[in-house]
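This is start12.txt. It holds compact mmCIF, C-alpha atoms and all ligand atoms.
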# COMPACT_ATOMS: atom_id res chain seq x y z
CA MET T 1 0.47 26.99 117.60
CA SER T 2 3.17 25.81 120.04
CA PRO T 3 3.41 26.19 123.86
CA ASN T 4 6.16 28.82 123.41
CA ASN T 5 4.29 30.75 120.77
CA PRO T 6 0.72 31.50 121.83
CA GLN T 7 -0.35 32.60 118.36
CA VAL T 8 -2.82 30.72 116.21
CA ASN T 9 -2.21 31.05 112.49
CA ARG T 10 -5.45 32.32 110.97
CA PHE T 11 -4.66 33.26 107.36
CA SER T 12 -1.63 32.37 105.22
CA LEU T 13 0.25 35.11 103.37
CA ALA T 14 -1.31 33.97 100.08
CA GLU T 15 -4.81 34.20 101.60
CA ARG T 16 -4.14 37.69 102.95
CA VAL T 17 -2.64 39.03 99.72
CA THR T 18 -5.56 37.61 97.73
CA HIS T 19 -8.10 39.07 100.18
CA TRP T 20 -6.59 42.56 100.03
CA LEU T 21 -6.36 42.48 96.24
CA VAL T 22 -10.06 41.53 96.19
CA ALA T 23 -10.80 44.37 98.63
CA LEU T 24 -8.82 47.03 96.71
CA SER T 25 -10.24 46.09 93.32
CA PHE T 26 -13.77 45.94 94.76
CA LEU T 27 -13.42 49.39 96.33
CA TYR T 28 -12.06 50.84 93.09
CA ALA T 29 -14.88 49.32 91.02
CA ALA T 30 -17.50 50.34 93.61
CA LEU T 31 -16.36 53.96 94.01
CA THR T 32 -15.88 54.58 90.29
CA GLY T 33 -19.22 52.84 89.61
CA LEU T 34 -21.00 55.09 92.11
CA ALA T 35 -19.42 58.13 90.40
CA LEU T 36 -20.82 57.00 87.03
CA TRP T 37 -24.21 56.07 88.48
CA SER T 38 -25.45 59.27 90.08
CA PRO T 39 -24.68 62.93 89.29
CA ARG T 40 -24.76 63.51 93.03
CA LEU T 41 -21.82 61.15 93.43
CA TYR T 42 -19.91 62.43 90.41
CA TRP T 43 -17.50 64.21 92.75
CA LEU T 44 -16.01 60.77 93.42
CA ALA T 45 -14.73 60.78 89.83
CA THR T 46 -12.35 63.64 90.64
CA MET T 47 -10.54 61.33 93.08
CA PHE T 48 -9.87 58.88 90.27
CA GLY T 49 -8.70 61.13 87.44
CA GLY T 50 -12.00 62.61 86.16
CA GLY T 51 -15.05 61.37 84.26
CA THR T 52 -13.39 60.08 81.08
CA THR T 53 -10.71 58.16 82.98
CA VAL T 54 -13.32 56.67 85.29
CA ARG T 55 -15.54 55.61 82.35
CA GLY T 56 -12.54 53.90 80.74
CA TRP T 57 -11.16 52.21 83.84
CA HIS T 58 -14.28 51.23 85.83
CA PRO T 59 -14.89 48.07 83.73
CA TRP T 60 -11.25 47.06 84.15
CA GLY T 61 -11.65 47.48 87.91
CA GLY T 62 -14.53 45.02 87.60
CA VAL T 63 -12.39 42.61 85.58
CA ALA T 64 -9.61 42.80 88.21
CA PHE T 65 -12.14 42.22 91.02
CA ALA T 66 -13.58 39.20 89.17
CA ALA T 67 -10.11 37.74 88.59
CA PHE T 68 -8.96 38.17 92.22
CA PHE T 69 -12.30 36.91 93.55
CA ALA T 70 -11.95 33.82 91.33
CA VAL T 71 -8.61 33.06 93.05
CA MET T 72 -10.22 33.53 96.49
CA PHE T 73 -13.21 31.44 95.40
CA ARG T 74 -11.02 28.52 94.30
CA ARG T 75 -9.14 28.55 97.57
CA TRP T 76 -12.12 28.84 99.94
CA ARG T 77 -15.10 27.30 98.16
CA ARG T 78 -14.90 23.95 99.96
CA GLN T 79 -14.39 25.54 103.38
CA MET T 80 -17.40 27.78 102.70
CA ALA T 81 -19.85 24.88 102.10
CA LEU T 82 -22.75 25.21 104.57
CA ASP T 83 -23.34 22.16 106.80
CA GLY T 84 -26.25 21.28 109.11
CA ASP T 85 -24.79 23.31 112.00
CA ASP T 86 -24.44 26.34 109.73
CA ARG T 87 -28.08 26.12 108.66
CA ARG T 88 -29.16 25.96 112.30
CA TRP T 89 -26.81 28.89 113.07
CA LEU T 90 -28.45 30.95 110.30
CA ARG T 91 -31.92 30.23 111.71
CA LEU T 92 -30.72 31.52 115.11
CA ALA T 93 -28.58 34.37 113.74
CA HIS T 94 -30.71 37.00 115.49
CA ARG T 95 -29.23 35.72 118.78
CA TYR T 96 -25.69 36.28 117.49
CA ALA T 97 -26.67 39.85 116.57
CA VAL T 98 -27.67 40.59 120.20
CA HIS T 99 -24.69 38.70 121.72
CA GLU T 100 -26.84 35.85 123.11
CA GLU T 101 -24.64 33.15 121.72
CA ALA T 102 -25.49 30.39 124.21
CA GLY T 103 -27.14 27.51 122.32
CA LEU T 104 -25.80 28.58 118.93
CA PRO T 105 -23.97 25.81 117.05
CA GLU T 106 -20.21 26.27 117.28
CA ALA T 107 -18.46 27.87 114.30
CA GLY T 108 -15.64 26.26 112.36
CA ARG T 109 -12.97 28.29 110.57
CA PHE T 110 -15.75 30.48 109.15
CA ASN T 111 -19.15 31.00 110.74
CA ALA T 112 -22.37 30.64 108.77
CA GLY T 113 -22.73 34.42 108.36
CA GLN T 114 -19.27 34.63 106.80
CA LYS T 115 -20.09 31.72 104.51
CA ALA T 116 -23.39 33.33 103.48
CA LEU T 117 -21.56 36.56 102.63
CA PHE T 118 -19.05 34.63 100.52
CA TRP T 119 -21.81 33.03 98.42
CA MET T 120 -23.77 36.26 98.23
CA GLN T 121 -20.74 38.18 96.92
CA GLY T 122 -19.95 35.37 94.47
CA THR T 123 -23.50 35.46 93.07
CA ALA T 124 -23.45 39.26 92.92
CA LEU T 125 -20.16 39.11 91.05
CA LEU T 126 -21.62 36.79 88.37
CA LEU T 127 -24.59 39.14 87.85
CA LEU T 128 -22.33 42.22 87.81
CA VAL T 129 -20.00 40.68 85.23
CA ALA T 130 -22.91 39.55 82.99
CA SER T 131 -24.70 42.92 83.11
CA GLY T 132 -21.38 44.80 82.99
CA VAL T 133 -20.38 43.14 79.71
CA VAL T 134 -23.70 44.25 78.19
CA LEU T 135 -23.10 47.84 79.37
CA TRP T 136 -19.50 47.79 78.13
CA TRP T 137 -20.54 47.07 74.53
CA PRO T 138 -24.14 48.36 74.41
CA GLU T 139 -24.20 48.85 70.61
CA ALA T 140 -23.67 45.13 70.12
CA MET T 141 -26.61 44.17 72.42
CA PRO T 142 -30.37 43.91 71.82
CA ARG T 143 -32.48 46.63 73.44
CA ALA T 144 -34.17 44.30 75.97
CA LEU T 145 -30.80 43.09 77.22
CA ARG T 146 -29.52 46.67 77.55
CA LEU T 147 -32.60 47.64 79.56
CA ALA T 148 -32.22 44.62 81.85
CA ALA T 149 -28.52 45.40 82.37
CA VAL T 150 -29.17 49.09 83.11
CA LEU T 151 -31.55 48.02 85.90
CA LEU T 152 -29.69 44.98 87.20
CA HIS T 153 -26.13 46.36 87.36
CA PRO T 154 -26.73 49.19 89.88
CA VAL T 155 -29.24 47.21 91.98
CA VAL T 156 -26.83 44.27 92.41
CA ALA T 157 -23.93 46.69 93.01
CA VAL T 158 -25.84 48.45 95.82
CA VAL T 159 -26.73 45.10 97.46
CA SER T 160 -23.10 44.00 97.18
CA ILE T 161 -21.80 47.30 98.64
CA ALA T 162 -24.32 46.97 101.51
CA GLY T 163 -22.95 43.45 102.14
CA LEU T 164 -19.44 44.86 102.16
CA ILE T 165 -20.37 47.57 104.68
CA VAL T 166 -21.68 44.86 107.05
CA HIS T 167 -18.51 42.82 106.38
CA ILE T 168 -16.20 45.77 107.16
CA TYR T 169 -18.15 46.52 110.35
CA MET T 170 -17.95 42.86 111.45
CA GLY T 171 -14.25 42.59 110.54
CA THR T 172 -13.23 45.76 112.42
CA ALA T 173 -15.48 47.31 115.09
CA ALA T 174 -17.78 44.37 115.95
CA VAL T 175 -15.15 41.63 116.21
CA PRO T 176 -11.89 43.18 117.44
CA GLU T 177 -8.74 41.22 116.48
CA ALA T 178 -10.30 39.78 113.32
CA PHE T 179 -8.61 42.60 111.41
CA ARG T 180 -5.18 41.73 112.81
CA GLY T 181 -5.77 38.17 111.65
CA MET T 182 -6.23 39.44 108.12
CA ILE T 183 -3.17 41.79 108.37
CA GLN T 184 -0.62 39.83 110.40
CA GLY T 185 -2.08 36.38 109.86
CA TRP T 186 -2.50 35.29 113.49
CA VAL T 187 -4.96 35.53 116.38
CA ARG T 188 -4.79 34.79 120.10
CA PRO T 189 -5.92 31.32 121.27
CA GLY T 190 -8.66 32.96 123.39
CA TRP T 191 -10.05 34.74 120.32
CA ALA T 192 -10.00 31.55 118.27
CA ALA T 193 -11.67 29.55 121.08
CA SER T 194 -14.46 32.05 121.56
CA HIS T 195 -15.22 32.94 117.91
CA HIS T 196 -14.35 29.72 116.05
CA PRO T 197 -14.30 26.93 118.68
CA LYS T 198 -14.64 23.98 116.28
CA TRP T 199 -11.75 25.29 114.17
CA TYR T 200 -9.64 26.03 117.26
CA ARG T 201 -10.01 22.44 118.45
CA GLU T 202 -8.86 21.24 115.01
CA VAL T 203 -5.75 23.45 114.90
CA ARG T 204 -4.92 22.63 118.52
CA GLY T 205 -5.07 18.97 117.55
CA ARG T 206 -7.90 17.73 119.79
C1 LIG S 301 -12.25 46.82 102.19
C2 LIG S 301 -12.40 46.47 103.37
C3 LIG S 301 -12.39 45.08 103.94
C4 LIG S 301 -12.06 44.81 105.22
C5 LIG S 301 -11.68 45.80 106.31
C6 LIG S 301 -12.14 43.37 105.39
C7 LIG S 301 -11.84 42.68 106.55
C8 LIG S 301 -11.82 41.32 106.69
C9 LIG S 301 -11.38 40.60 107.87
C10 LIG S 301 -10.86 41.23 109.14
C11 LIG S 301 -11.53 39.27 107.63
C12 LIG S 301 -11.19 38.11 108.60
C13 LIG S 301 -12.41 37.66 109.38
C14 LIG S 301 -12.10 36.51 110.31
O1 LIG S 301 -10.95 36.26 110.68
O2 LIG S 301 -13.03 35.79 110.72
C15 LIG S 301 -12.06 39.14 106.29
C16 LIG S 301 -12.38 37.95 105.69
C17 LIG S 301 -13.04 37.84 104.48
N1 LIG S 301 -13.26 38.87 103.58
FE1 LIG S 301 -12.88 40.82 103.87
N2 LIG S 301 -12.54 42.81 104.19
C18 LIG S 301 -12.70 43.82 103.27
C19 LIG S 301 -13.11 43.67 101.95
C20 LIG S 301 -13.59 42.50 101.40
C21 LIG S 301 -14.19 42.36 100.09
C22 LIG S 301 -14.39 43.49 99.09
C23 LIG S 301 -14.58 41.07 99.95
C24 LIG S 301 -15.29 40.39 98.80
C25 LIG S 301 -16.18 40.97 98.06
C26 LIG S 301 -14.19 40.38 101.15
C27 LIG S 301 -14.40 39.04 101.38
C28 LIG S 301 -13.97 38.35 102.50
C29 LIG S 301 -14.22 36.95 102.73
C30 LIG S 301 -15.00 36.01 101.80
C31 LIG S 301 -13.63 36.64 103.96
C32 LIG S 301 -13.64 35.28 104.68
C33 LIG S 301 -14.98 35.12 105.37
C34 LIG S 301 -15.34 36.29 106.22
O3 LIG S 301 -14.61 36.62 107.16
O4 LIG S 301 -16.37 36.92 105.92
N3 LIG S 301 -13.59 41.27 102.00
N4 LIG S 301 -12.22 40.40 105.74
Let me see the file written as structure tokens.
Ligand code: HEM
Amino acid sequence: MSPNNPQVNRFSLAERVTHWLVALSFLYAALTGLALWSPRLYWLATMFGGGTTVRGWHPWGGVAFAAFFAVMFRRWRRQMALDGDDRRWLRLAHRYAVHEEAGLPEAGRFNAGQKALFWMQGTALLLLVASGVVLWWPEAMPRALRLAAVLLHPVVAVVSIAGLIVHIYMGTAAVPEAFRGMIQGWVRPGWAASHHPKWYREVRGR
């Protein structure tokens, strides 16, 4: 940020490209997975080339999601570590939900809710990959493992999709301007100061 340019850089181009590759691959894997999961959602398969195509490509969507998420994970894992303030923030998160933010610890570049989502999606991804591999080659797997995977894969996927719905709501309707940060890479100083004060002080240099 400079006095002549009142824009605060929020996400680099590499961060934005990685994020949107994660988002696209997740959406593809989620929508094709839902089509395979329930006959009532089979209509989704028609949007992606029909049942056979979806059965063939869904696992590859998962592989792409895992690969892109791994890039995002490497880049952000240190910044996503929860500190004492974050743990206090999580205990008081109900106040954030009703816009009573006075007394909440100040957020850094990411708030504790964002960090929690990051770790939740990372854990879900590990479980989805493990159970997905079993479902990809079922004939090679013992019966108990197949049964566990059949149960685990959709349950974890639904939890992960629910997390994503909250994330999309927070990143669009609930926190206006956050979306522009992830598209154009910058936010206004006022936005940075009110949503991520600790981070704003760092980038402002005091
Ligand atoms: C498809 C629709 C999606 C939209 C509209 C969206 C939107 C956003 C926005 C606006 C931000 C910036 C928030 C900020 O500046 O504070 C963000 C950050 C982030 N996104 Fe997404 N995103 C989407 C999908 C995903 C997916 C599928 C994942 C991973 C499974 C993901 C993981 C993250 C993470 C870890 C961050 C940084 C921390 C956070 O803001 O939660 N996003 N996203």
**Q.** Neighbourhood of ligand LIG 301 (chain S) at 6 Å, counting all atoms listed in the file, reported as a PyMOL selection string
**A.** chain T and resi 22-23+26+114+118+121+168+171+178-179+181-182
Q.
For a quick check of understanding, using all atoms listed in the file, which of T:Phe69, T:Val150, T:Gly33, T:Tyr42 has the smallest distance to Val17 (chain T)?
A. T:Phe69
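Note that the spacing between CA of Ala130 (chain T) and CA of His153 (chain T) amounts to 8.7 Å.
Using all atoms listed in the file, the nearest neighbour of Pro197 (chain T) within the list T:Arg109, T:Arg95, T:Arg146, T:Lys115 is T:Arg109.
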Q. What gap, in Å, lies between CA of Arg91 (chain T) and CA of His195 (chain T)?
A. 18.0 Å
Extending 3 Å beyond the listed atoms of region 172-178 of chain T on each side, what axis-aligned box results? I want centre and edge lengths in Å to one decimal, as JSON.
{"center_x": -13.3, "center_y": 43.5, "center_z": 114.9, "size_x": 15.0, "size_y": 13.5, "size_z": 11.0}
Q: Grab the CA of Val129 (chain T) to CA of Phe65 (chain T) distance for me, in Å with one decimal place.
A: 9.9 Å
